[in-house]
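Undergrad: Pasting in a structure now, in structure tokens, and then I'll have a few things to ask.
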Amino acid sequence: MLVARRIFPEVLDRLRQHVEVEANETDDVWPAAELARRLQGKAGALTTGSERITPELLAGTPGLRIVANMAVGFNNFDVPACTAHGVLATNTPDVLTDTTADFGFALMMATARRMAESEHFLRAGHWNRWSIDMFAGAEVHGSTLGILGMGRIGQGIARRGAHGFGMRVIYHNRTRLDAATEADCHATYVSKADLLAQADHLVLVLPYTADNHHAIGAPELAQMKPTATLVNIARGGIVDDAALAQALRTGQIAAAGLDVFEGEPQVHPDLLTVPNVVLTPHIASATLKTRRAMANMAADNLIAYLTEGKAVTPINPEVLNA
Ligand code: 8YV
């Protein structure tokens, strides 16, 4: 099997105890043609969000039986094509939920309270006196937290806001949660239009799909409060980054916190020059404990499938029964 990116040595060792492994031991992403070439004769692959499993790649890798993504999101996989080729796809749910919810909440707070902007000001030597409204930000406690995409991570953020900060939580999702989960999260289901209009802080935690492309673009930004903050910890492409930079520059919304970007690791140049945005390099799940758990879960799937035909967290379980 093939490990497409540097992972933890102990996880590589564990894989090697069960299957023959060729590994990329660097952080460099293999171009599509090289990935396809290295997958020749391989039955499995451990991927990250950077490697794309496309119909073209699958057509040229007939021996491939499993692709195990070291991520909960799997928009880098063409899942119907995997299923059509009899390739099992797996991801890493649950193990990163709370770590990622912690980060989403932290980014929301940093954005609302202007932590990055004020730190840059201080480091630049501009702080020479106190002033009454210097870096006055938006209230977090008691405000309205809006969540778009109410899966496990969205629910974790809702609980933090409702239970820890006394926030009013509203959400919009493809499907409404059951009453018990809504009650546990203290969350009220609203339309997307109401979510945009009412949220003081809007956090995006929805999966990227073709339908969700630019779910937040110029028309949606225009419906938000001028005092609102927007946080994207979901995927690049859900927000129209050019439109967001414009909305931040003109004060259509107050601030944004972004951990994911269209075309990352490239960042839209306009976002780099607006002050009221906190930018982080896709690190919401980045604690060593969680990244180890993610790598181990991807390895668990590979070992279970390649040695016993079983899987821990299949995305397309129909392949198991085919
Ligand atoms: C990963 C993520 O760090 O799990 C996801 O969906 O976005 C992150 O936790 C990234 O995708 C690398 O695989």
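Residue names in the structure tokens use chain letters A, B, ... in the order shown, residue numbers from 1 in each chain, and ligand numbers from 1 in the order shown.
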Which residues are close to stretch 306-309 of chain A, i.e. within 9 Å by only C-alpha atoms, leaving aside same-chain residues fewer than 6 positions away? Reply as an mmCIF file with C-alpha atoms, in the first residue's frame.
TA:
data_model
loop_
_atom_site.group_PDB
_atom_site.id
_atom_site.type_symbol
_atom_site.label_atom_id
_atom_site.label_comp_id
_atom_site.auth_asym_id
_atom_site.auth_seq_id
_atom_site.Cartn_x
_atom_site.Cartn_y
_atom_site.Cartn_z
ATOM 1 C CA HIS A 18 0.545 -5.892 8.637
ATOM 2 C CA VAL A 19 1.130 -4.838 5.035
ATOM 3 C CA ALA A 43 -4.167 -2.213 -2.927
ATOM 4 C CA GLY A 44 -4.523 0.667 -0.482
ATOM 5 C CA ARG A 65 -9.184 -1.553 -3.119
ATOM 6 C CA ILE A 66 -9.222 1.081 -0.368
ATOM 7 C CA LEU A 320 -18.174 -4.120 1.666
#
Undergrad: Excluding A:Val79 and its own-chain neighbours fewer than 6 positions away, which residues fall within 12 Å of it when counting only C-alpha atoms? Please give them as JSON, numbers by chain.
TA: {"A": [52, 53, 54, 55, 58, 66, 67, 68, 69, 73, 85, 86, 87, 88, 89, 90, 91, 209, 314, 315, 316, 317, 318, 319]}
Undergrad: Contacts of stretch 129-138 of chain A at 12 Å or less, counting only C-alpha atoms, minus same-chain residues fewer than 5 places along, as a ChimeraX atom specification?
TA: /A:108-122,143-144,200-201,225-230,253-256,275-276
Undergrad: Which neighbours of A:Gly263 fall inside 10 Å, counting only C-alpha atoms, when residues of the same chain fewer than 5 positions from it are skipped, and could you give them as a list of chain:residue names?
TA: A:Gly236, A:Gly237, A:His268
Undergrad: Would you mind exporting N, CA and C atoms of the selected residues as an mmCIF file, in the first residue's frame?
TA:
data_model
loop_
_atom_site.group_PDB
_atom_site.id
_atom_site.type_symbol
_atom_site.label_atom_id
_atom_site.label_comp_id
_atom_site.auth_asym_id
_atom_site.auth_seq_id
_atom_site.Cartn_x
_atom_site.Cartn_y
_atom_site.Cartn_z
ATOM 1 N N GLY A 236 -12.413 25.530 2.155
ATOM 2 C CA GLY A 236 -12.314 26.572 1.161
ATOM 3 C C GLY A 236 -13.356 26.310 0.090
ATOM 4 N N GLY A 237 -13.855 27.377 -0.516
ATOM 5 C CA GLY A 237 -14.852 27.202 -1.576
ATOM 6 C C GLY A 237 -16.274 27.361 -1.061
ATOM 7 N N HIS A 268 -6.202 34.151 -1.027
ATOM 8 C CA HIS A 268 -6.566 35.276 -1.894
ATOM 9 C C HIS A 268 -5.801 36.520 -1.439
#
Undergrad: Each residue of chain A with at least one atom at most 10 Å from ligand 1 should appear once, together with its nearest atom pair and the corresponding distance in Å (one decimal); atoms considered: only C-alpha atoms and all ligand atoms; ordering: chain, then increasing residue number; output as JSON lines.
TA:
{"residue": "A:Arg5", "atom": "CA", "partner": "ligand 1", "partner_atom_place_in_ligand_line": "13 (O)", "distance": 9.6}
{"residue": "A:Leu46", "atom": "CA", "partner": "ligand 1", "partner_atom_place_in_ligand_line": "13 (O)", "distance": 10.0}
{"residue": "A:Thr47", "atom": "CA", "partner": "ligand 1", "partner_atom_place_in_ligand_line": "13 (O)", "distance": 7.2}
{"residue": "A:Thr48", "atom": "CA", "partner": "ligand 1", "partner_atom_place_in_ligand_line": "13 (O)", "distance": 3.7}
{"residue": "A:Gly49", "atom": "CA", "partner": "ligand 1", "partner_atom_place_in_ligand_line": "13 (O)", "distance": 4.1}
{"residue": "A:Ser50", "atom": "CA", "partner": "ligand 1", "partner_atom_place_in_ligand_line": "13 (O)", "distance": 6.9}
{"residue": "A:Glu51", "atom": "CA", "partner": "ligand 1", "partner_atom_place_in_ligand_line": "13 (O)", "distance": 8.9}
{"residue": "A:Asn69", "atom": "CA", "partner": "ligand 1", "partner_atom_place_in_ligand_line": "13 (O)", "distance": 6.8}
{"residue": "A:Met70", "atom": "CA", "partner": "ligand 1", "partner_atom_place_in_ligand_line": "13 (O)", "distance": 4.8}
{"residue": "A:Ala71", "atom": "CA", "partner": "ligand 1", "partner_atom_place_in_ligand_line": "4 (O)", "distance": 3.2}
{"residue": "A:Val72", "atom": "CA", "partner": "ligand 1", "partner_atom_place_in_ligand_line": "4 (O)", "distance": 3.9}
{"residue": "A:Gly73", "atom": "CA", "partner": "ligand 1", "partner_atom_place_in_ligand_line": "6 (O)", "distance": 3.5}
{"residue": "A:Phe74", "atom": "CA", "partner": "ligand 1", "partner_atom_place_in_ligand_line": "6 (O)", "distance": 6.6}
{"residue": "A:Asn75", "atom": "CA", "partner": "ligand 1", "partner_atom_place_in_ligand_line": "6 (O)", "distance": 8.5}
{"residue": "A:Asn76", "atom": "CA", "partner": "ligand 1", "partner_atom_place_in_ligand_line": "11 (O)", "distance": 9.0}
{"residue": "A:Asn91", "atom": "CA", "partner": "ligand 1", "partner_atom_place_in_ligand_line": "4 (O)", "distance": 8.1}
{"residue": "A:Thr92", "atom": "CA", "partner": "ligand 1", "partner_atom_place_in_ligand_line": "4 (O)", "distance": 6.9}
{"residue": "A:Pro93", "atom": "CA", "partner": "ligand 1", "partner_atom_place_in_ligand_line": "4 (O)", "distance": 7.7}
{"residue": "A:Asp94", "atom": "CA", "partner": "ligand 1", "partner_atom_place_in_ligand_line": "4 (O)", "distance": 9.8}
{"residue": "A:Val95", "atom": "CA", "partner": "ligand 1", "partner_atom_place_in_ligand_line": "4 (O)", "distance": 9.5}
{"residue": "A:Leu96", "atom": "CA", "partner": "ligand 1", "partner_atom_place_in_ligand_line": "9 (O)", "distance": 7.0}
{"residue": "A:Thr97", "atom": "CA", "partner": "ligand 1", "partner_atom_place_in_ligand_line": "4 (O)", "distance": 9.1}
{"residue": "A:Thr99", "atom": "CA", "partner": "ligand 1", "partner_atom_place_in_ligand_line": "9 (O)", "distance": 9.4}
{"residue": "A:Thr100", "atom": "CA", "partner": "ligand 1", "partner_atom_place_in_ligand_line": "9 (O)", "distance": 7.6}
{"residue": "A:Pro207", "atom": "CA", "partner": "ligand 1", "partner_atom_place_in_ligand_line": "6 (O)", "distance": 8.4}
{"residue": "A:Tyr208", "atom": "CA", "partner": "ligand 1", "partner_atom_place_in_ligand_line": "6 (O)", "distance": 9.8}
{"residue": "A:Ile233", "atom": "CA", "partner": "ligand 1", "partner_atom_place_in_ligand_line": "7 (O)", "distance": 8.0}
{"residue": "A:Ala234", "atom": "CA", "partner": "ligand 1", "partner_atom_place_in_ligand_line": "7 (O)", "distance": 7.0}
{"residue": "A:Arg235", "atom": "CA", "partner": "ligand 1", "partner_atom_place_in_ligand_line": "7 (O)", "distance": 7.0}
{"residue": "A:Gly236", "atom": "CA", "partner": "ligand 1", "partner_atom_place_in_ligand_line": "7 (O)", "distance": 9.8}
{"residue": "A:Asp259", "atom": "CA", "partner": "ligand 1", "partner_atom_place_in_ligand_line": "7 (O)", "distance": 9.3}
{"residue": "A:Val260", "atom": "CA", "partner": "ligand 1", "partner_atom_place_in_ligand_line": "7 (O)", "distance": 8.2}
{"residue": "A:Pro281", "atom": "CA", "partner": "ligand 1", "partner_atom_place_in_ligand_line": "3 (O)", "distance": 9.8}
{"residue": "A:His282", "atom": "CA", "partner": "ligand 1", "partner_atom_place_in_ligand_line": "3 (O)", "distance": 6.6}
{"residue": "A:Ile283", "atom": "CA", "partner": "ligand 1", "partner_atom_place_in_ligand_line": "3 (O)", "distance": 6.3}
{"residue": "A:Ala284", "atom": "CA", "partner": "ligand 1", "partner_atom_place_in_ligand_line": "9 (O)", "distance": 6.4}
{"residue": "A:Ser285", "atom": "CA", "partner": "ligand 1", "partner_atom_place_in_ligand_line": "9 (O)", "distance": 4.6}
{"residue": "A:Ala286", "atom": "CA", "partner": "ligand 1", "partner_atom_place_in_ligand_line": "3 (O)", "distance": 6.7}
{"residue": "A:Thr287", "atom": "CA", "partner": "ligand 1", "partner_atom_place_in_ligand_line": "3 (O)", "distance": 9.9}
{"residue": "A:Thr290", "atom": "CA", "partner": "ligand 1", "partner_atom_place_in_ligand_line": "9 (O)", "distance": 8.9}
{"residue": "A:Arg291", "atom": "CA", "partner": "ligand 1", "partner_atom_place_in_ligand_line": "3 (O)", "distance": 7.6}
{"residue": "A:Met294", "atom": "CA", "partner": "ligand 1", "partner_atom_place_in_ligand_line": "4 (O)", "distance": 8.2}
{"residue": "A:Ala295", "atom": "CA", "partner": "ligand 1", "partner_atom_place_in_ligand_line": "13 (O)", "distance": 9.3}
Undergrad: Output as a PDB file with C-alpha atoms, in the first residue's frame all residues of stretch 101-290 of chain A that backbone DSSP marks as strand (DSSP E or B).
TA:
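Output file states_20.pdb follows:
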ATOM      1  CA  THR A 144     -26.415  35.123  19.057  1.00  0.00           C
ATOM      2  CA  LEU A 145     -24.287  32.284  17.706  1.00  0.00           C
ATOM      3  CA  GLY A 146     -25.292  31.091  14.247  1.00  0.00           C
ATOM      4  CA  ILE A 147     -24.085  27.748  12.958  1.00  0.00           C
ATOM      5  CA  LEU A 148     -24.356  26.679   9.338  1.00  0.00           C
ATOM      6  CA  ARG A 168     -28.471  32.077  22.014  1.00  0.00           C
ATOM      7  CA  VAL A 169     -27.781  29.381  19.415  1.00  0.00           C
ATOM      8  CA  ILE A 170     -29.520  29.246  16.052  1.00  0.00           C
ATOM      9  CA  TYR A 171     -28.602  26.882  13.235  1.00  0.00           C
ATOM     10  CA  HIS A 172     -29.408  25.879   9.709  1.00  0.00           C
ATOM     11  CA  ALA A 187     -30.163  25.230  19.485  1.00  0.00           C
ATOM     12  CA  THR A 188     -33.086  26.553  17.458  1.00  0.00           C
ATOM     13  CA  TYR A 189     -33.540  25.620  13.812  1.00  0.00           C
ATOM     14  CA  HIS A 201     -21.231  35.317  15.030  1.00  0.00           C
ATOM     15  CA  LEU A 202     -21.728  32.911  12.145  1.00  0.00           C
ATOM     16  CA  VAL A 203     -19.614  29.744  12.151  1.00  0.00           C
ATOM     17  CA  LEU A 204     -19.461  27.542   9.045  1.00  0.00           C
ATOM     18  CA  ILE A 216     -21.536  32.438   1.510  1.00  0.00           C
ATOM     19  CA  THR A 229     -18.256  38.069  12.468  1.00  0.00           C
ATOM     20  CA  LEU A 230     -17.925  35.147  10.074  1.00  0.00           C
ATOM     21  CA  VAL A 231     -15.803  32.071  10.814  1.00  0.00           C
ATOM     22  CA  ASN A 232     -14.958  29.342   8.298  1.00  0.00           C
ATOM     23  CA  VAL A 239     -17.005  31.124   1.102  1.00  0.00           C
ATOM     24  CA  ALA A 255     -14.616  40.717  10.905  1.00  0.00           C
ATOM     25  CA  ALA A 256     -13.814  37.194   9.760  1.00  0.00           C
ATOM     26  CA  GLY A 257     -11.767  34.238  10.989  1.00  0.00           C
ATOM     27  CA  LEU A 258     -10.609  31.777   8.351  1.00  0.00           C
ATOM     28  CA  VAL A 277      -9.509  39.035   9.399  1.00  0.00           C
ATOM     29  CA  VAL A 278      -7.773  36.338  11.441  1.00  0.00           C
ATOM     30  CA  LEU A 279      -6.002  33.846   9.158  1.00  0.00           C
TER      31      LEU A 279
END
Undergrad: Could you give me, as a VMD selection string, each residue of stretch 9-161 of chain A that DSSP assigns to helix (DSSP H, G or I) when run on this structure's backbone?
TA: chain A and resid 9 to 16 32 to 38 55 to 59 79 to 84 97 to 112 115 to 123 152 to 161
Undergrad: Nearest to A:Arg249 among A:Thr273, A:Asn321, A:Gln266, A:Gln40, with distances taken over only C-alpha atoms: which residue is it?
TA: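 Residue with the minimum atom-to-atom distance to A:Arg249: A:Thr273.
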Undergrad: Report the distance between atom CA of A:Leu2 and atom CA of A:Ala45 in Å, rounded to one decimal place.
TA: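 Pair atom CA of A:Leu2 / atom CA of A:Ala45 returns 4.7 Å.
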